[in-house]
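Below is run.cif, holding mmCIF, C-alpha atoms and all ligand atoms.
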```
data_protein
loop_
_atom_site.group_PDB
_atom_site.id
_atom_site.type_symbol
_atom_site.label_atom_id
_atom_site.label_comp_id
_atom_site.auth_asym_id
_atom_site.auth_seq_id
_atom_site.Cartn_x
_atom_site.Cartn_y
_atom_site.Cartn_z
ATOM 1 C CA MET A 1 -16.465 -1.107 -12.128
ATOM 2 C CA LEU A 2 -14.914 1.402 -9.706
ATOM 3 C CA GLU A 3 -18.145 1.479 -7.711
ATOM 4 C CA LYS A 4 -18.084 -2.298 -7.516
ATOM 5 C CA ILE A 5 -14.460 -2.317 -6.278
ATOM 6 C CA ILE A 6 -15.275 0.259 -3.600
ATOM 7 C CA GLU A 7 -18.268 -1.808 -2.500
ATOM 8 C CA ILE A 8 -16.079 -4.920 -2.245
ATOM 9 C CA ALA A 9 -13.375 -3.074 -0.240
ATOM 10 C CA LYS A 10 -16.006 -1.799 2.199
ATOM 11 C CA GLU A 11 -17.562 -5.235 2.630
ATOM 12 C CA ALA A 12 -14.099 -6.619 3.357
ATOM 13 C CA GLY A 13 -13.552 -3.805 5.865
ATOM 14 C CA GLY A 14 -16.784 -4.860 7.556
ATOM 15 C CA GLU A 15 -15.374 -8.372 7.963
ATOM 16 C CA ILE A 16 -12.197 -6.993 9.563
ATOM 17 C CA ALA A 17 -14.188 -4.711 11.888
ATOM 18 C CA ARG A 18 -16.056 -7.732 13.302
ATOM 19 C CA PHE A 19 -12.760 -9.059 14.708
ATOM 20 C CA TYR A 20 -11.149 -5.789 15.778
ATOM 21 C CA LYS A 21 -10.192 -5.698 19.488
ATOM 22 C CA GLY A 22 -11.867 -9.079 20.014
ATOM 23 C CA ASN A 23 -10.289 -12.512 20.325
ATOM 24 C CA PHE A 24 -8.996 -13.829 17.037
ATOM 25 C CA ALA A 25 -6.541 -16.470 15.872
ATOM 26 C CA ILE A 26 -3.031 -15.271 15.013
ATOM 27 C CA GLU A 27 -0.465 -17.338 13.106
ATOM 28 C CA PHE A 28 3.196 -16.586 12.333
ATOM 29 C CA LYS A 29 4.312 -16.591 8.700
ATOM 30 C CA THR A 30 8.099 -16.162 8.237
ATOM 31 C CA ASN A 31 8.858 -15.108 11.848
ATOM 32 C CA LYS A 32 7.211 -13.813 15.048
ATOM 33 C CA SER A 33 6.776 -10.319 13.540
ATOM 34 C CA ASP A 34 5.116 -11.545 10.349
ATOM 35 C CA LEU A 35 1.502 -12.310 11.247
ATOM 36 C CA VAL A 36 -1.662 -13.452 9.610
ATOM 37 C CA THR A 37 -4.906 -13.247 11.573
ATOM 38 C CA ALA A 38 -8.405 -14.618 11.191
ATOM 39 C CA ALA A 39 -9.394 -11.134 9.998
ATOM 40 C CA ASP A 40 -6.899 -11.198 7.087
ATOM 41 C CA LYS A 41 -8.405 -14.522 6.038
ATOM 42 C CA ALA A 42 -12.047 -13.484 6.462
ATOM 43 C CA SER A 43 -11.475 -10.300 4.480
ATOM 44 C CA GLU A 44 -9.731 -12.218 1.700
ATOM 45 C CA LYS A 45 -12.491 -14.849 1.586
ATOM 46 C CA LYS A 46 -15.179 -12.180 1.249
ATOM 47 C CA ILE A 47 -13.270 -10.328 -1.509
ATOM 48 C CA ILE A 48 -12.711 -13.515 -3.527
ATOM 49 C CA GLU A 49 -16.356 -14.550 -3.148
ATOM 50 C CA LEU A 50 -17.527 -11.158 -4.450
ATOM 51 C CA ILE A 51 -15.072 -11.112 -7.364
ATOM 52 C CA GLU A 52 -16.008 -14.629 -8.380
ATOM 53 C CA LYS A 53 -19.669 -13.688 -8.330
ATOM 54 C CA ASP A 54 -19.367 -10.680 -10.655
ATOM 55 C CA PHE A 55 -16.059 -11.192 -12.503
ATOM 56 C CA PRO A 56 -15.543 -14.973 -12.613
ATOM 57 C CA GLU A 57 -13.233 -14.745 -15.626
ATOM 58 C CA HIS A 58 -10.651 -12.434 -13.920
ATOM 59 C CA ASN A 59 -7.284 -13.458 -12.365
ATOM 60 C CA ILE A 60 -6.765 -12.855 -8.644
ATOM 61 C CA LEU A 61 -3.408 -12.061 -7.015
ATOM 62 C CA THR A 62 -3.894 -11.873 -3.254
ATOM 63 C CA GLU A 63 -1.473 -11.947 -0.321
ATOM 64 C CA GLU A 64 -2.609 -14.956 1.667
ATOM 65 C CA ARG A 65 -3.531 -17.390 -1.142
ATOM 66 C CA GLU A 66 -2.177 -18.895 -4.342
ATOM 67 C CA PHE A 67 -2.540 -16.893 -7.559
ATOM 68 C CA VAL A 68 -5.831 -17.647 -9.315
ATOM 69 C CA ASN A 69 -4.934 -17.721 -13.004
ATOM 70 C CA LYS A 70 -7.883 -17.565 -15.389
ATOM 71 C CA HIS A 71 -5.649 -16.422 -18.266
ATOM 72 C CA SER A 72 -7.523 -13.119 -18.351
ATOM 73 C CA ASP A 73 -6.067 -9.705 -19.275
ATOM 74 C CA TYR A 74 -7.567 -8.468 -16.006
ATOM 75 C CA THR A 75 -5.950 -9.157 -12.617
ATOM 76 C CA TRP A 76 -7.244 -8.112 -9.219
ATOM 77 C CA VAL A 77 -4.325 -7.322 -6.891
ATOM 78 C CA ILE A 78 -5.383 -7.503 -3.271
ATOM 79 C CA ASP A 79 -4.076 -6.876 0.205
ATOM 80 C CA PRO A 80 -7.008 -8.050 2.329
ATOM 81 C CA LEU A 81 -5.581 -6.379 5.448
ATOM 82 C CA ASP A 82 -2.668 -3.970 5.111
ATOM 83 C CA GLY A 83 -1.351 -3.172 8.575
ATOM 84 C CA THR A 84 -1.853 -6.562 10.218
ATOM 85 C CA THR A 85 0.585 -5.787 13.054
ATOM 86 C CA ASN A 86 -1.346 -2.624 13.924
ATOM 87 C CA PHE A 87 -4.632 -4.518 13.705
ATOM 88 C CA ALA A 88 -3.357 -7.314 15.964
ATOM 89 C CA HIS A 89 -2.279 -4.792 18.642
ATOM 90 C CA GLY A 90 -5.430 -2.663 18.427
ATOM 91 C CA LEU A 91 -3.748 0.316 16.722
ATOM 92 C CA PRO A 92 -6.388 1.813 14.400
ATOM 93 C CA ILE A 93 -4.198 2.213 11.289
ATOM 94 C CA PHE A 94 -4.971 -0.529 8.753
ATOM 95 C CA SER A 95 -6.719 -0.850 5.429
ATOM 96 C CA VAL A 96 -7.972 -2.996 2.590
ATOM 97 C CA SER A 97 -6.204 -2.410 -0.731
ATOM 98 C CA ILE A 98 -7.623 -3.509 -4.082
ATOM 99 C CA GLY A 99 -6.279 -2.685 -7.535
ATOM 100 C CA VAL A 100 -7.322 -3.948 -10.960
ATOM 101 C CA THR A 101 -4.767 -4.220 -13.743
ATOM 102 C CA ARG A 102 -5.049 -4.885 -17.466
ATOM 103 C CA GLY A 103 -1.694 -6.056 -18.789
ATOM 104 C CA ASN A 104 0.942 -3.796 -17.243
ATOM 105 C CA GLU A 105 -1.460 -0.977 -16.527
ATOM 106 C CA THR A 106 -3.437 -0.374 -13.331
ATOM 107 C CA LEU A 107 -6.933 0.775 -14.255
ATOM 108 C CA PHE A 108 -8.503 1.140 -10.801
ATOM 109 C CA GLY A 109 -7.276 1.407 -7.226
ATOM 110 C CA THR A 110 -9.136 1.524 -3.921
ATOM 111 C CA VAL A 111 -7.846 1.718 -0.350
ATOM 112 C CA TYR A 112 -10.378 1.510 2.458
ATOM 113 C CA ASP A 113 -9.348 2.924 5.846
ATOM 114 C CA VAL A 114 -11.473 0.690 8.039
ATOM 115 C CA THR A 115 -11.542 2.540 11.378
ATOM 116 C CA ARG A 116 -12.032 6.000 9.868
ATOM 117 C CA ASP A 117 -14.497 4.764 7.235
ATOM 118 C CA LYS A 118 -12.625 6.620 4.506
ATOM 119 C CA VAL A 119 -12.315 5.308 1.016
ATOM 120 C CA TYR A 120 -9.536 6.439 -1.312
ATOM 121 C CA TYR A 121 -9.924 5.614 -4.992
ATOM 122 C CA ALA A 122 -8.667 6.402 -8.449
ATOM 123 C CA GLU A 123 -9.398 5.469 -12.001
ATOM 124 C CA LYS A 124 -6.633 5.798 -14.586
ATOM 125 C CA GLY A 125 -6.900 9.255 -16.164
ATOM 126 C CA ALA A 126 -9.823 10.376 -13.976
ATOM 127 C CA GLY A 127 -8.195 11.696 -10.789
ATOM 128 C CA ALA A 128 -7.960 10.448 -7.214
ATOM 129 C CA PHE A 129 -10.562 10.953 -4.496
ATOM 130 C CA GLU A 130 -11.217 10.480 -0.773
ATOM 131 C CA ASN A 131 -14.937 9.993 -0.049
ATOM 132 C CA GLY A 132 -15.762 12.104 -3.132
ATOM 133 C CA LYS A 133 -13.224 14.878 -2.477
ATOM 134 C CA GLN A 134 -10.543 15.247 -5.152
ATOM 135 C CA LEU A 135 -7.011 14.646 -3.894
ATOM 136 C CA ARG A 136 -3.937 16.675 -4.698
ATOM 137 C CA VAL A 137 -0.359 16.084 -3.544
ATOM 138 C CA SER A 138 1.433 18.796 -1.531
ATOM 139 C CA SER A 139 3.191 21.698 -3.255
ATOM 140 C CA ASN A 140 6.201 21.785 -0.935
ATOM 141 C CA GLY A 141 9.621 21.545 -2.559
ATOM 142 C CA ASP A 142 11.753 22.049 0.537
ATOM 143 C CA LEU A 143 12.935 18.715 1.939
ATOM 144 C CA GLU A 144 13.840 20.353 5.246
ATOM 145 C CA GLN A 145 10.157 21.224 5.649
ATOM 146 C CA SER A 146 8.892 17.836 4.487
ATOM 147 C CA LEU A 147 7.005 15.245 6.489
ATOM 148 C CA LEU A 148 8.053 11.798 5.232
ATOM 149 C CA VAL A 149 6.954 8.234 5.921
ATOM 150 C CA THR A 150 8.523 4.818 5.514
ATOM 151 C CA GLY A 151 8.078 1.195 6.525
ATOM 152 C CA PHE A 152 10.288 -1.800 7.224
ATOM 153 C CA PRO A 153 10.149 -5.313 5.755
ATOM 154 C CA TYR A 154 9.623 -8.425 7.917
ATOM 155 C CA ASN A 155 12.980 -9.878 6.784
ATOM 156 C CA ILE A 156 14.933 -6.853 8.011
ATOM 157 C CA ARG A 157 17.079 -9.057 10.271
ATOM 158 C CA GLN A 158 18.264 -11.212 7.351
ATOM 159 C CA ASN A 159 18.364 -8.525 4.674
ATOM 160 C CA PRO A 160 18.397 -4.971 6.047
ATOM 161 C CA MET A 161 18.740 -3.408 2.532
ATOM 162 C CA HIS A 162 20.170 -0.283 4.213
ATOM 163 C CA ALA A 163 16.673 0.497 5.529
ATOM 164 C CA ILE A 164 18.064 1.866 8.802
ATOM 165 C CA GLU A 165 20.799 3.962 7.157
ATOM 166 C CA ARG A 166 18.237 5.459 4.772
ATOM 167 C CA PHE A 167 15.881 6.136 7.687
ATOM 168 C CA ASN A 168 18.692 7.888 9.592
ATOM 169 C CA ALA A 169 19.638 10.006 6.580
ATOM 170 C CA PHE A 170 16.064 11.236 6.055
ATOM 171 C CA LEU A 171 15.720 12.004 9.783
ATOM 172 C CA PHE A 172 18.468 14.580 9.379
ATOM 173 C CA GLU A 173 17.352 15.894 5.973
ATOM 174 C CA SER A 174 13.595 16.320 6.578
ATOM 175 C CA ARG A 175 11.296 17.877 9.167
ATOM 176 C CA ALA A 176 10.297 14.447 10.487
ATOM 177 C CA VAL A 177 9.829 10.830 9.480
ATOM 178 C CA ARG A 178 6.852 8.653 10.453
ATOM 179 C CA ARG A 179 6.313 4.882 10.347
ATOM 180 C CA LEU A 180 2.581 4.160 10.317
ATOM 181 C CA GLY A 181 2.475 0.455 9.418
ATOM 182 C CA SER A 182 0.122 0.400 6.406
ATOM 183 C CA ALA A 183 1.883 1.009 3.097
ATOM 184 C CA ALA A 184 -1.425 1.414 1.256
ATOM 185 C CA LEU A 185 -2.376 4.272 3.591
ATOM 186 C CA ASP A 186 1.130 5.761 3.308
ATOM 187 C CA PHE A 187 0.497 6.147 -0.430
ATOM 188 C CA CYS A 188 -2.941 7.695 0.218
ATOM 189 C CA TYR A 189 -1.457 10.218 2.634
ATOM 190 C CA VAL A 190 1.042 11.254 -0.057
ATOM 191 C CA ALA A 191 -1.892 11.629 -2.456
ATOM 192 C CA SER A 192 -3.729 13.747 0.162
ATOM 193 C CA GLY A 193 -0.772 16.103 0.639
ATOM 194 C CA ILE A 194 -0.189 15.013 4.260
ATOM 195 C CA PHE A 195 3.169 13.395 3.506
ATOM 196 C CA ASP A 196 5.519 14.896 0.931
ATOM 197 C CA GLY A 197 7.221 11.558 0.350
ATOM 198 C CA PHE A 198 7.077 7.838 1.129
ATOM 199 C CA TRP A 199 9.827 5.288 0.478
ATOM 200 C CA GLU A 200 10.165 1.646 1.376
ATOM 201 C CA VAL A 201 12.984 -0.799 0.531
ATOM 202 C CA SER A 202 10.865 -3.857 -0.253
ATOM 203 C CA LEU A 203 7.138 -3.996 -0.916
ATOM 204 C CA ASN A 204 4.847 -6.446 -2.674
ATOM 205 C CA PRO A 205 2.456 -5.854 -5.594
ATOM 206 C CA TRP A 206 -0.580 -5.938 -3.277
ATOM 207 C CA ASP A 207 0.949 -3.116 -1.186
ATOM 208 C CA ILE A 208 1.690 -1.019 -4.265
ATOM 209 C CA CYS A 209 -1.021 -1.580 -6.887
ATOM 210 C CA ALA A 210 -3.869 0.657 -5.683
ATOM 211 C CA GLY A 211 -1.705 3.205 -3.842
ATOM 212 C CA LYS A 212 0.593 3.883 -6.791
ATOM 213 C CA LEU A 213 -2.343 4.781 -9.047
ATOM 214 C CA ILE A 214 -3.892 6.953 -6.314
ATOM 215 C CA VAL A 215 -0.646 8.948 -5.914
ATOM 216 C CA GLU A 216 -0.191 9.339 -9.667
ATOM 217 C CA GLU A 217 -3.789 10.440 -10.173
ATOM 218 C CA ALA A 218 -3.316 13.009 -7.393
ATOM 219 C CA GLY A 219 -0.420 14.529 -9.376
ATOM 220 C CA GLY A 220 2.432 12.696 -7.612
ATOM 221 C CA LYS A 221 5.276 10.524 -8.845
ATOM 222 C CA VAL A 222 6.113 6.872 -8.090
ATOM 223 C CA THR A 223 9.466 5.310 -9.100
ATOM 224 C CA ASN A 224 12.233 3.067 -7.787
ATOM 225 C CA PHE A 225 15.174 4.487 -5.788
ATOM 226 C CA ASN A 226 16.916 5.573 -9.014
ATOM 227 C CA GLY A 227 13.965 7.659 -10.122
ATOM 228 C CA GLU A 228 13.077 5.137 -12.850
ATOM 229 C CA GLU A 229 9.519 4.189 -13.794
ATOM 230 C CA ILE A 230 8.290 0.972 -12.224
ATOM 231 C CA ASP A 231 5.455 -1.493 -12.456
ATOM 232 C CA ILE A 232 3.707 -2.935 -9.395
ATOM 233 C CA TYR A 233 6.290 -5.759 -9.144
ATOM 234 C CA SER A 234 9.140 -3.398 -8.202
ATOM 235 C CA LYS A 235 10.381 -4.044 -4.649
ATOM 236 C CA PRO A 236 11.788 -0.609 -3.675
ATOM 237 C CA ILE A 237 9.379 2.272 -4.109
ATOM 238 C CA LEU A 238 9.540 6.044 -3.801
ATOM 239 C CA ALA A 239 6.240 7.972 -3.950
ATOM 240 C CA THR A 240 6.307 11.759 -3.649
ATOM 241 C CA ASN A 241 4.598 14.990 -4.580
ATOM 242 C CA GLY A 242 6.979 15.046 -7.573
ATOM 243 C CA ILE A 243 8.758 18.181 -6.364
ATOM 244 C CA VAL A 244 10.957 16.610 -3.667
ATOM 245 C CA HIS A 245 11.435 13.475 -5.789
ATOM 246 C CA GLU A 246 14.921 14.160 -7.153
ATOM 247 C CA LYS A 247 16.191 15.276 -3.742
ATOM 248 C CA MET A 248 14.923 12.040 -2.205
ATOM 249 C CA VAL A 249 16.433 9.958 -5.035
ATOM 250 C CA ARG A 250 19.853 11.500 -4.348
ATOM 251 C CA ILE A 251 19.645 10.552 -0.672
ATOM 252 C CA LEU A 252 18.364 7.033 -1.391
ATOM 253 C CA GLN A 253 21.184 6.483 -3.922
ATOM 254 C CA ARG A 254 23.844 7.146 -1.275
ATOM 255 C CA PHE A 255 23.102 3.642 -0.005
ATOM 256 C CA ASN A 256 22.833 1.748 -3.306
ATOM 257 C CA ASP A 257 25.120 -1.319 -3.292
HETATM 258 C C1 LIG B 1 2.984 -4.359 5.695
HETATM 259 C C2 LIG B 1 2.594 -2.903 5.905
HETATM 260 C C3 LIG B 1 3.782 -2.117 6.436
HETATM 261 C C4 LIG B 1 4.995 -2.251 5.552
HETATM 262 C C5 LIG B 1 5.346 -3.709 5.330
HETATM 263 C C6 LIG B 1 4.142 -4.451 4.764
HETATM 264 P P1 LIG B 1 0.976 -6.167 5.940
HETATM 265 O O1 LIG B 1 1.879 -5.072 5.134
HETATM 266 O O2 LIG B 1 2.178 -2.327 4.700
HETATM 267 O O3 LIG B 1 3.488 -0.740 6.515
HETATM 268 O O4 LIG B 1 6.064 -1.581 6.156
HETATM 269 O O5 LIG B 1 6.421 -3.762 4.423
HETATM 270 O O6 LIG B 1 4.467 -5.796 4.569
HETATM 271 O O7 LIG B 1 1.866 -7.323 6.247
HETATM 272 O O8 LIG B 1 0.449 -5.517 7.155
HETATM 273 O O9 LIG B 1 -0.055 -6.502 4.927
HETATM 274 CA CA CA B 2 0.671 -5.222 3.042
HETATM 275 CA CA CA B 3 -1.668 -7.901 4.354
#
```
Can I see the file as structure tokens?
Amino acid sequence: MLEKIIEIAKEAGGEIARFYKGNFAIEFKTNKSDLVTAADKASEKKIIELIEKDFPEHNILTEEREFVNKHSDYTWVIDPLDGTTNFAHGLPIFSVSIGVTRGNETLFGTVYDVTRDKVYYAEKGAGAFENGKQLRVSSNGDLEQSLLVTGFPYNIRQNPMHAIERFNAFLFESRAVRRLGSAALDFCYVASGIFDGFWEVSLNPWDICAGKLIVEEAGGKVTNFNGEEIDIYSKPILATNGIVHEKMVRILQRFND
């Protein structure tokens, strides 16, 4: 099954690559920052086609379409293009994210970094890998020497959720903070030991599903801002190497309402 998911993510990446830096249709969703492109749609179409061919009885939760409910225990949770803003501007940081859940549990997760041709994947209980190399989170426990990453939601103007205050606080408490623009890759870079921690105030299940499993299988920890266990439907997320987790929770909690 994992091999099949990886194959599907790569095929979808191939669809996206056909559009990259060319001319493609762009539409606005909730505002002028919240885009969907022809590449998002082509990737999603390809993924759905391939799932329906091999797993026609499974549910499909995907960003740009209605939920396909087949009343199965299995649900595919898909972000057909994570990092659409980067993609639309020609910045080579975007991915395809596919997770498969059974009930509340994520069994498989795959994130395909399209421009670098790197595939990150994990199976519950079997470790996390990047192109065959096992992943391990960093072993750094000193927040002042940590490299962190975050992202911002498209509704930040209406509901800032203290995203800026939290960003400011971590700027002063860490070595540096990055904002890459693909949450799925942010998780993978925590799993790889590049980032020590990643937080975001409001994500969606398709941003979280695969990445959360990949971090956990690389020895990391994923919770909400209070350090509590979460499922993929949690909005706020904190993913770390596990060692800086409590320190980050304390900073995030300064801004709880
Ligand atoms: C977005 C990216 C971004 C994150 C946003 C997401 P999209 O996903 O993951 O890094 O900060 O919250 O919505 O719209 O490019 O699929
Ligand atoms: Ca996304
Ligand atoms: Ca997306």
| task | Take the point (21.5, 10.7, -2.4) as written in the file and pick out every residue within 12 Å of it, counting only C-alpha atoms; give the list as a ChimeraX atom specification. | result | /A:165-166,169-170,173,225-227,245-256
Determine, for each residue of chain A having at least one atom at most 8 Å from an atom of ligand LIG 1 (chain B), the closest pair of atoms and their separation in Å to one decimal, counting only C-alpha atoms and all ligand atoms; order by chain and ascending number, as JSON lines.
```
{"residue": "A:Asp34", "atom": "CA", "partner": "B:LIG1", "partner_atom": "O7", "distance": 6.7}
{"residue": "A:Leu35", "atom": "CA", "partner": "B:LIG1", "partner_atom": "O7", "distance": 7.1}
{"residue": "A:Val36", "atom": "CA", "partner": "B:LIG1", "partner_atom": "O7", "distance": 7.8}
{"residue": "A:Glu63", "atom": "CA", "partner": "B:LIG1", "partner_atom": "O9", "distance": 7.7}
{"residue": "A:Asp79", "atom": "CA", "partner": "B:LIG1", "partner_atom": "O9", "distance": 6.2}
{"residue": "A:Pro80", "atom": "CA", "partner": "B:LIG1", "partner_atom": "O9", "distance": 7.6}
{"residue": "A:Leu81", "atom": "CA", "partner": "B:LIG1", "partner_atom": "O9", "distance": 5.6}
{"residue": "A:Asp82", "atom": "CA", "partner": "B:LIG1", "partner_atom": "O9", "distance": 3.6}
{"residue": "A:Gly83", "atom": "CA", "partner": "B:LIG1", "partner_atom": "O8", "distance": 3.3}
{"residue": "A:Thr84", "atom": "CA", "partner": "B:LIG1", "partner_atom": "O8", "distance": 4.0}
{"residue": "A:Thr85", "atom": "CA", "partner": "B:LIG1", "partner_atom": "O8", "distance": 5.9}
{"residue": "A:Asn86", "atom": "CA", "partner": "B:LIG1", "partner_atom": "O8", "distance": 7.6}
{"residue": "A:Phe94", "atom": "CA", "partner": "B:LIG1", "partner_atom": "O8", "distance": 7.5}
{"residue": "A:Thr150", "atom": "CA", "partner": "B:LIG1", "partner_atom": "O4", "distance": 6.9}
{"residue": "A:Gly151", "atom": "CA", "partner": "B:LIG1", "partner_atom": "O4", "distance": 3.4}
{"residue": "A:Phe152", "atom": "CA", "partner": "B:LIG1", "partner_atom": "O4", "distance": 4.4}
{"residue": "A:Pro153", "atom": "CA", "partner": "B:LIG1", "partner_atom": "O5", "distance": 4.3}
{"residue": "A:Tyr154", "atom": "CA", "partner": "B:LIG1", "partner_atom": "O5", "distance": 6.6}
{"residue": "A:Arg179", "atom": "CA", "partner": "B:LIG1", "partner_atom": "O3", "distance": 7.4}
{"residue": "A:Leu180", "atom": "CA", "partner": "B:LIG1", "partner_atom": "O3", "distance": 6.3}
{"residue": "A:Gly181", "atom": "CA", "partner": "B:LIG1", "partner_atom": "O3", "distance": 3.3}
{"residue": "A:Ser182", "atom": "CA", "partner": "B:LIG1", "partner_atom": "O3", "distance": 3.6}
{"residue": "A:Ala183", "atom": "CA", "partner": "B:LIG1", "partner_atom": "O2", "distance": 3.7}
{"residue": "A:Ala184", "atom": "CA", "partner": "B:LIG1", "partner_atom": "O2", "distance": 6.2}
{"residue": "A:Asp186", "atom": "CA", "partner": "B:LIG1", "partner_atom": "O3", "distance": 7.6}
{"residue": "A:Glu200", "atom": "CA", "partner": "B:LIG1", "partner_atom": "O4", "distance": 7.1}
{"residue": "A:Ser202", "atom": "CA", "partner": "B:LIG1", "partner_atom": "O5", "distance": 6.5}
{"residue": "A:Leu203", "atom": "CA", "partner": "B:LIG1", "partner_atom": "O5", "distance": 5.4}
{"residue": "A:Asn204", "atom": "CA", "partner": "B:LIG1", "partner_atom": "O6", "distance": 7.3}
{"residue": "A:Asp207", "atom": "CA", "partner": "B:LIG1", "partner_atom": "O2", "distance": 6.1}
```
| Test item: the PyMOL selection byres (((chain A and resi 100) around 9) and not hetatm) resolved as a list of chain:residue names |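 This file gives the following for the PyMOL selection byres (((chain A and resi 100) around 9) and not hetatm): A:Ile5, A:Tyr74, A:Thr75, A:Trp76, A:Val77, A:Ile78, A:Ile98, A:Gly99, A:Thr101, A:Arg102, A:Glu105, A:Thr106, A:Leu107, A:Phe108, A:Gly109, A:Cys209, A:Ala210.
Residue nearest Arg136 in chain A within the list A:Lys221, A:Lys124, A:Lys4, A:His58: A:Lys221 [criterion: smallest interatomic distance, all atoms listed in the file].
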| Counting only C-alpha atoms, which residues come within 12 Å of (-15.6, 5.8, 7.9), with the point read in the file's coordinates, and could you list them as a count of residues only? | 17
| Option closest in space to ligand CA 3 (chain B), from A:Tyr189, A:Phe19, A:Trp206, A:Tyr233 [counting all atoms listed in the file] | A:Trp206
